[in-house]
Amino acid sequence: MKLVFFGAPGAGKGTIAKIVYDKNKIVQISTGDLFRNAIKNQTELGKKVSAILERGDLVPDELTIEIVKERIKEKDCNKGYILDGFPRTMIQAESWEKIDPIDRAVYFDISDEVVKRRLGGRRICPKCGAIFNIYTNKPKNEGICDNDGESLIIRKDDQEEAIENRLFIYHEQTKPLISYYKKLDKLVTIDSSVDADTSYQQIIKALKL
Ligand code: ADP
């Protein structure tokens, strides 16, 4: 099954995609993670996108589409994938329908207020990528990853100014995808202001996973 997860930053796409992978073995492709890894490994791509990510701006469409196109050629994608954080502009969405049409697009519905709280409280593990939240999903020991004991960090783009910028861009550029996928009859909407398990249950019900 080929899925798209889209919605505001902090809506829980990454968290739920990881659960779907654990339980249903559909591989998650997070463009945000692809870019962050490239930055960490100081590749050519990493050098190109580093400042863009810090500001919370979007990476140019052409470059982003190319990265995803390359990624789905890998073996682990032959039974499908979850695109997490891609597409997030109309150009990306329309291009992708020509490249490899998706089955369903899951829209994670959430208010800006909840998003701000979530992103402000988000802490991530720089080693394994696990995501925690100081309000809603605390690690067992404060500031420490449950999986590997690494110290948790705050992403640069989770600073207040970058959060405002990401939300602005989301409303301008990504929200039009709702009516786009609706017209294609591929839209599934879930309420993602609830906890991760409840969001997951909504998805398996809607997609009959
Ligand atoms: P979030 O969904 O919380 O904003 P992501 O990890 O999905 O975070 O993305 C982090 C950053 O990576 C984005 O702010 C943007 O700079 C870049 N990025 C990720 N996906 C895309 C995309 N589809 N198009 C353009 N830029 C992207």
# chains A, B, ... in the order shown; residues from 1 in each chain; ligands from 1

$ residues_around --residues "region 181-186 of chain A" --least-positions-apart "6" --cutoff "10 Å" --atoms "only C-alpha atoms" --output "list in words"
Leu3, Val4, Ala93, Glu94, Ile102, Asp103, Arg104, Ala105, Val106 and Tyr107 of chain A

$ write_last_selection --atoms "all heavy atoms" --output "mmCIF file, in the first residue's frame"
data_model
loop_
_atom_site.group_PDB
_atom_site.id
_atom_site.type_symbol
_atom_site.label_atom_id
_atom_site.label_comp_id
_atom_site.auth_asym_id
_atom_site.auth_seq_id
_atom_site.Cartn_x
_atom_site.Cartn_y
_atom_site.Cartn_z
ATOM 1 N N LEU A 3 1.033 5.098 0.840
ATOM 2 C CA LEU A 3 0.315 6.084 1.638
ATOM 3 C C LEU A 3 1.078 7.395 1.718
ATOM 4 O O LEU A 3 2.311 7.409 1.683
ATOM 5 C CB LEU A 3 0.111 5.568 3.063
ATOM 6 C CG LEU A 3 -0.654 4.260 3.232
ATOM 7 C CD1 LEU A 3 -0.598 3.814 4.688
ATOM 8 C CD2 LEU A 3 -2.099 4.445 2.798
ATOM 9 N N VAL A 4 0.298 8.465 1.865
ATOM 10 C CA VAL A 4 0.874 9.766 2.183
ATOM 11 C C VAL A 4 0.328 10.176 3.544
ATOM 12 O O VAL A 4 -0.867 10.043 3.794
ATOM 13 C CB VAL A 4 0.460 10.818 1.118
ATOM 14 C CG1 VAL A 4 0.592 12.226 1.655
ATOM 15 C CG2 VAL A 4 1.272 10.651 -0.151
ATOM 16 N N ALA A 93 2.644 17.260 -4.901
ATOM 17 C CA ALA A 93 1.530 16.301 -4.921
ATOM 18 C C ALA A 93 1.181 15.915 -6.363
ATOM 19 O O ALA A 93 1.048 14.733 -6.691
ATOM 20 C CB ALA A 93 0.313 16.888 -4.220
ATOM 21 N N GLU A 94 1.061 16.919 -7.216
ATOM 22 C CA GLU A 94 0.694 16.646 -8.611
ATOM 23 C C GLU A 94 1.799 15.870 -9.323
ATOM 24 O O GLU A 94 1.523 14.953 -10.086
ATOM 25 C CB GLU A 94 0.374 17.956 -9.343
ATOM 26 C CG GLU A 94 -0.957 18.527 -8.894
ATOM 27 C CD GLU A 94 -1.223 19.928 -9.435
ATOM 28 O OE1 GLU A 94 -0.271 20.589 -9.909
ATOM 29 O OE2 GLU A 94 -2.378 20.373 -9.361
ATOM 30 N N ILE A 102 -0.452 7.318 -5.454
ATOM 31 C CA ILE A 102 -0.641 6.742 -4.116
ATOM 32 C C ILE A 102 -2.036 6.123 -3.991
ATOM 33 O O ILE A 102 -2.915 6.397 -4.807
ATOM 34 C CB ILE A 102 -0.441 7.822 -3.039
ATOM 35 C CG1 ILE A 102 -1.431 8.989 -3.245
ATOM 36 C CG2 ILE A 102 0.989 8.308 -3.035
ATOM 37 C CD1 ILE A 102 -1.951 9.555 -1.980
ATOM 38 N N ASP A 103 -2.220 5.306 -2.953
ATOM 39 C CA ASP A 103 -3.539 4.723 -2.709
ATOM 40 C C ASP A 103 -4.407 5.636 -1.855
ATOM 41 O O ASP A 103 -5.573 5.850 -2.146
ATOM 42 C CB ASP A 103 -3.387 3.362 -2.011
ATOM 43 C CG ASP A 103 -2.650 2.379 -2.888
ATOM 44 O OD1 ASP A 103 -3.092 2.172 -4.028
ATOM 45 O OD2 ASP A 103 -1.600 1.843 -2.455
ATOM 46 N N ARG A 104 -3.831 6.130 -0.757
ATOM 47 C CA ARG A 104 -4.583 6.956 0.190
ATOM 48 C C ARG A 104 -3.697 8.049 0.771
ATOM 49 O O ARG A 104 -2.507 7.816 1.014
ATOM 50 C CB ARG A 104 -5.061 6.108 1.372
ATOM 51 C CG ARG A 104 -6.209 5.188 1.072
ATOM 52 C CD ARG A 104 -7.519 5.934 1.322
ATOM 53 N NE ARG A 104 -8.658 5.066 1.102
ATOM 54 C CZ ARG A 104 -9.113 4.730 -0.098
ATOM 55 N NH1 ARG A 104 -8.518 5.183 -1.174
ATOM 56 N NH2 ARG A 104 -10.151 3.943 -0.221
ATOM 57 N N ALA A 105 -4.303 9.216 1.017
ATOM 58 C CA ALA A 105 -3.582 10.292 1.703
ATOM 59 C C ALA A 105 -4.262 10.533 3.041
ATOM 60 O O ALA A 105 -5.458 10.834 3.096
ATOM 61 C CB ALA A 105 -3.616 11.554 0.861
ATOM 62 N N VAL A 106 -3.526 10.346 4.108
ATOM 63 C CA VAL A 106 -4.098 10.525 5.441
ATOM 64 C C VAL A 106 -3.780 11.935 5.934
ATOM 65 O O VAL A 106 -2.611 12.313 6.064
ATOM 66 C CB VAL A 106 -3.530 9.491 6.442
ATOM 67 C CG1 VAL A 106 -4.175 9.677 7.814
ATOM 68 C CG2 VAL A 106 -3.739 8.069 5.931
ATOM 69 N N TYR A 107 -4.843 12.692 6.181
ATOM 70 C CA TYR A 107 -4.693 14.064 6.668
ATOM 71 C C TYR A 107 -4.810 14.074 8.189
ATOM 72 O O TYR A 107 -5.824 13.674 8.747
ATOM 73 C CB TYR A 107 -5.757 14.962 6.029
ATOM 74 C CG TYR A 107 -5.893 16.312 6.679
ATOM 75 C CD1 TYR A 107 -4.776 17.130 6.855
ATOM 76 C CD2 TYR A 107 -7.125 16.779 7.125
ATOM 77 C CE1 TYR A 107 -4.895 18.371 7.472
ATOM 78 C CE2 TYR A 107 -7.256 18.020 7.731
ATOM 79 C CZ TYR A 107 -6.127 18.807 7.905
ATOM 80 O OH TYR A 107 -6.242 20.025 8.517
#

$ select_by_dssp --residues "region 33-125 of chain A" --states "helix (DSSP H, G or I)" --output "PDB file with C-alpha atoms, in the first residue's frame"
ATOM      1  CA  ASP A  33      14.753  12.562   8.273  1.00  0.00           C
ATOM      2  CA  LEU A  34      16.387  12.179   4.850  1.00  0.00           C
ATOM      3  CA  PHE A  35      17.412  15.839   4.929  1.00  0.00           C
ATOM      4  CA  ARG A  36      18.556  15.743   8.568  1.00  0.00           C
ATOM      5  CA  ASN A  37      20.690  12.654   7.887  1.00  0.00           C
ATOM      6  CA  ALA A  38      22.259  14.344   4.883  1.00  0.00           C
ATOM      7  CA  ILE A  39      23.120  17.332   7.085  1.00  0.00           C
ATOM      8  CA  LYS A  40      24.546  15.094   9.809  1.00  0.00           C
ATOM      9  CA  GLU A  44      26.424  17.644  -0.854  1.00  0.00           C
ATOM     10  CA  LEU A  45      22.676  17.524  -0.296  1.00  0.00           C
ATOM     11  CA  GLY A  46      23.193  18.276   3.397  1.00  0.00           C
ATOM     12  CA  LYS A  47      25.212  21.395   2.603  1.00  0.00           C
ATOM     13  CA  LYS A  48      22.499  22.600   0.231  1.00  0.00           C
ATOM     14  CA  VAL A  49      19.597  22.229   2.656  1.00  0.00           C
ATOM     15  CA  SER A  50      21.075  22.914   6.083  1.00  0.00           C
ATOM     16  CA  ALA A  51      20.193  26.648   6.309  1.00  0.00           C
ATOM     17  CA  ILE A  52      16.747  26.018   4.796  1.00  0.00           C
ATOM     18  CA  LEU A  53      15.856  23.518   7.504  1.00  0.00           C
ATOM     19  CA  GLU A  54      17.132  25.734  10.311  1.00  0.00           C
ATOM     20  CA  ARG A  55      14.780  28.514   9.232  1.00  0.00           C
ATOM     21  CA  ASP A  61      10.280  21.055  -4.950  1.00  0.00           C
ATOM     22  CA  GLU A  62      12.496  19.612  -7.662  1.00  0.00           C
ATOM     23  CA  LEU A  63      15.216  18.583  -5.245  1.00  0.00           C
ATOM     24  CA  THR A  64      12.727  17.089  -2.780  1.00  0.00           C
ATOM     25  CA  ILE A  65      10.914  15.080  -5.461  1.00  0.00           C
ATOM     26  CA  GLU A  66      14.231  13.728  -6.738  1.00  0.00           C
ATOM     27  CA  ILE A  67      15.265  12.534  -3.260  1.00  0.00           C
ATOM     28  CA  VAL A  68      11.996  10.651  -2.758  1.00  0.00           C
ATOM     29  CA  LYS A  69      12.143   9.181  -6.258  1.00  0.00           C
ATOM     30  CA  GLU A  70      15.588   7.765  -5.506  1.00  0.00           C
ATOM     31  CA  ARG A  71      14.532   6.469  -2.110  1.00  0.00           C
ATOM     32  CA  LYS A  75      14.268  -2.843  -2.044  1.00  0.00           C
ATOM     33  CA  ASP A  76      12.389  -2.217   1.202  1.00  0.00           C
ATOM     34  CA  CYS A  77       9.783  -0.183  -0.743  1.00  0.00           C
ATOM     35  CA  MET A  90       0.702  21.250  -4.729  1.00  0.00           C
ATOM     36  CA  ILE A  91       3.569  20.889  -7.184  1.00  0.00           C
ATOM     37  CA  GLN A  92       4.959  17.946  -5.206  1.00  0.00           C
ATOM     38  CA  ALA A  93       1.530  16.301  -4.921  1.00  0.00           C
ATOM     39  CA  GLU A  94       0.694  16.646  -8.611  1.00  0.00           C
ATOM     40  CA  SER A  95       4.153  15.508  -9.696  1.00  0.00           C
ATOM     41  CA  TRP A  96       4.005  12.474  -7.445  1.00  0.00           C
ATOM     42  CA  GLU A  97       0.665  11.344  -8.870  1.00  0.00           C
ATOM     43  CA  LYS A  98       2.443  11.158 -12.244  1.00  0.00           C
ATOM     44  CA  ILE A  99       5.498   9.368 -10.854  1.00  0.00           C
ATOM     45  CA  ASP A 112      -2.403  25.432  15.682  1.00  0.00           C
ATOM     46  CA  GLU A 113      -2.632  25.737  19.484  1.00  0.00           C
ATOM     47  CA  VAL A 114      -2.048  22.029  20.045  1.00  0.00           C
ATOM     48  CA  VAL A 115       0.753  22.066  17.461  1.00  0.00           C
ATOM     49  CA  LYS A 116       2.594  24.873  19.244  1.00  0.00           C
ATOM     50  CA  ARG A 117       2.468  23.021  22.546  1.00  0.00           C
ATOM     51  CA  ARG A 118       3.606  19.779  20.999  1.00  0.00           C
ATOM     52  CA  LEU A 119       6.515  21.206  19.056  1.00  0.00           C
ATOM     53  CA  GLY A 120       7.658  23.381  21.946  1.00  0.00           C
ATOM     54  CA  GLY A 121       7.733  20.261  24.140  1.00  0.00           C
TER      55      GLY A 121
END

$ residues_around --residues "Pro126 (chain A)" --least-positions-apart "3" --cutoff "10 Å" --atoms "only C-alpha atoms" --output "CSV table (one decimal) with N, CA, C and O atoms, in the first residue's frame"
chain,number,residue,atom,x,y,z
A,40,LYS,N,23.7,15.7,8.8
A,40,LYS,CA,24.5,15.1,9.8
A,40,LYS,C,25.8,14.5,9.1
A,40,LYS,O,26.9,14.6,9.6
A,123,ARG,N,11.2,16.6,22.2
A,123,ARG,CA,12.6,16.3,22.4
A,123,ARG,C,12.9,15.0,21.6
A,123,ARG,O,12.1,14.1,21.6
A,129,GLY,N,16.5,8.5,16.7
A,129,GLY,CA,15.4,9.3,16.1
A,129,GLY,C,14.1,9.2,16.9
A,129,GLY,O,13.1,9.7,16.5
A,130,ALA,N,14.1,8.5,18.1
A,130,ALA,CA,12.9,8.4,18.9
A,130,ALA,C,12.4,9.8,19.3
A,130,ALA,O,13.2,10.7,19.5
A,131,ILE,N,11.1,10.0,19.3
A,131,ILE,CA,10.5,11.3,19.6
A,131,ILE,C,9.8,11.2,21.0
A,131,ILE,O,8.9,10.3,21.2
A,145,CYS,N,17.0,9.2,26.4
A,145,CYS,CA,16.3,8.3,25.5
A,145,CYS,C,16.0,6.9,26.1
A,145,CYS,O,17.0,6.3,26.6
A,150,GLU,N,20.8,7.8,25.2
A,150,GLU,CA,21.4,9.0,24.7
A,150,GLU,C,20.7,10.3,25.3
A,150,GLU,O,19.5,10.2,25.6
A,151,SER,N,21.4,11.4,25.4
A,151,SER,CA,20.7,12.7,25.8
A,151,SER,C,19.8,13.2,24.7
A,151,SER,O,20.3,13.3,23.6
A,152,LEU,N,18.6,13.6,25.1
A,152,LEU,CA,17.7,14.1,24.1
A,152,LEU,C,18.0,15.5,23.8
A,152,LEU,O,18.5,16.3,24.6
A,153,ILE,N,17.6,15.9,22.6
A,153,ILE,CA,17.9,17.3,22.1
A,153,ILE,C,16.6,18.0,21.6
A,153,ILE,O,15.6,17.3,21.3
A,154,ILE,N,16.6,19.3,21.5
A,154,ILE,CA,15.5,20.1,20.8
A,154,ILE,C,16.0,20.4,19.4
A,154,ILE,O,17.1,20.9,19.2
A,155,ARG,N,15.2,20.1,18.5
A,155,ARG,CA,15.5,20.4,17.1
A,155,ARG,C,15.6,21.9,16.9
A,155,ARG,O,14.7,22.6,17.5

$ closest_residue --among "A:Thr15, A:Asn78, A:Thr198, A:Gln42" --to "ligand 1" --atoms "only C-alpha atoms and all ligand atoms"
A:Thr15

$ closest_residue --among "A:Ile124, A:Ala196, A:Ile163, A:Leu207" --to "ligand 1" --atoms "only C-alpha atoms and all ligand atoms"
A:Ile163

$ atom_distance --atom1 "CA of Tyr21 (chain A)" --atom2 "CA of Ser179 (chain A)"
27.1 Å

$ decode --residues "region 24-75 of chain A" --atoms "C-alpha atoms" --output "PDB file, in the first residue's frame"
ATOM      1  CA  ASN A  24       2.277  -3.484   9.664  1.00  0.00           C
ATOM      2  CA  LYS A  25       5.772  -3.381   8.169  1.00  0.00           C
ATOM      3  CA  ILE A  26       5.038  -0.594   5.734  1.00  0.00           C
ATOM      4  CA  VAL A  27       8.266   1.325   5.417  1.00  0.00           C
ATOM      5  CA  GLN A  28       8.318   4.994   6.421  1.00  0.00           C
ATOM      6  CA  ILE A  29       9.995   7.565   4.200  1.00  0.00           C
ATOM      7  CA  SER A  30      10.398  10.832   6.044  1.00  0.00           C
ATOM      8  CA  THR A  31      11.785  13.611   3.881  1.00  0.00           C
ATOM      9  CA  GLY A  32      12.638  15.519   7.063  1.00  0.00           C
ATOM     10  CA  ASP A  33      14.753  12.562   8.273  1.00  0.00           C
ATOM     11  CA  LEU A  34      16.387  12.179   4.850  1.00  0.00           C
ATOM     12  CA  PHE A  35      17.412  15.839   4.929  1.00  0.00           C
ATOM     13  CA  ARG A  36      18.556  15.743   8.568  1.00  0.00           C
ATOM     14  CA  ASN A  37      20.690  12.654   7.887  1.00  0.00           C
ATOM     15  CA  ALA A  38      22.259  14.344   4.883  1.00  0.00           C
ATOM     16  CA  ILE A  39      23.120  17.332   7.085  1.00  0.00           C
ATOM     17  CA  LYS A  40      24.546  15.094   9.809  1.00  0.00           C
ATOM     18  CA  ASN A  41      26.702  13.223   7.282  1.00  0.00           C
ATOM     19  CA  GLN A  42      27.747  16.503   5.611  1.00  0.00           C
ATOM     20  CA  THR A  43      26.869  15.294   2.114  1.00  0.00           C
ATOM     21  CA  GLU A  44      26.424  17.644  -0.854  1.00  0.00           C
ATOM     22  CA  LEU A  45      22.676  17.524  -0.296  1.00  0.00           C
ATOM     23  CA  GLY A  46      23.193  18.276   3.397  1.00  0.00           C
ATOM     24  CA  LYS A  47      25.212  21.395   2.603  1.00  0.00           C
ATOM     25  CA  LYS A  48      22.499  22.600   0.231  1.00  0.00           C
ATOM     26  CA  VAL A  49      19.597  22.229   2.656  1.00  0.00           C
ATOM     27  CA  SER A  50      21.075  22.914   6.083  1.00  0.00           C
ATOM     28  CA  ALA A  51      20.193  26.648   6.309  1.00  0.00           C
ATOM     29  CA  ILE A  52      16.747  26.018   4.796  1.00  0.00           C
ATOM     30  CA  LEU A  53      15.856  23.518   7.504  1.00  0.00           C
ATOM     31  CA  GLU A  54      17.132  25.734  10.311  1.00  0.00           C
ATOM     32  CA  ARG A  55      14.780  28.514   9.232  1.00  0.00           C
ATOM     33  CA  GLY A  56      11.888  26.090   8.850  1.00  0.00           C
ATOM     34  CA  ASP A  57      11.558  26.959   5.150  1.00  0.00           C
ATOM     35  CA  LEU A  58      10.807  24.382   2.458  1.00  0.00           C
ATOM     36  CA  VAL A  59      13.464  22.693   0.356  1.00  0.00           C
ATOM     37  CA  PRO A  60      12.861  23.383  -3.388  1.00  0.00           C
ATOM     38  CA  ASP A  61      10.280  21.055  -4.950  1.00  0.00           C
ATOM     39  CA  GLU A  62      12.496  19.612  -7.662  1.00  0.00           C
ATOM     40  CA  LEU A  63      15.216  18.583  -5.245  1.00  0.00           C
ATOM     41  CA  THR A  64      12.727  17.089  -2.780  1.00  0.00           C
ATOM     42  CA  ILE A  65      10.914  15.080  -5.461  1.00  0.00           C
ATOM     43  CA  GLU A  66      14.231  13.728  -6.738  1.00  0.00           C
ATOM     44  CA  ILE A  67      15.265  12.534  -3.260  1.00  0.00           C
ATOM     45  CA  VAL A  68      11.996  10.651  -2.758  1.00  0.00           C
ATOM     46  CA  LYS A  69      12.143   9.181  -6.258  1.00  0.00           C
ATOM     47  CA  GLU A  70      15.588   7.765  -5.506  1.00  0.00           C
ATOM     48  CA  ARG A  71      14.532   6.469  -2.110  1.00  0.00           C
ATOM     49  CA  ILE A  72      11.586   4.398  -3.406  1.00  0.00           C
ATOM     50  CA  LYS A  73      13.933   2.494  -5.717  1.00  0.00           C
ATOM     51  CA  GLU A  74      15.326   0.715  -2.683  1.00  0.00           C
ATOM     52  CA  LYS A  75      14.268  -2.843  -2.044  1.00  0.00           C
TER      53      LYS A  75
END
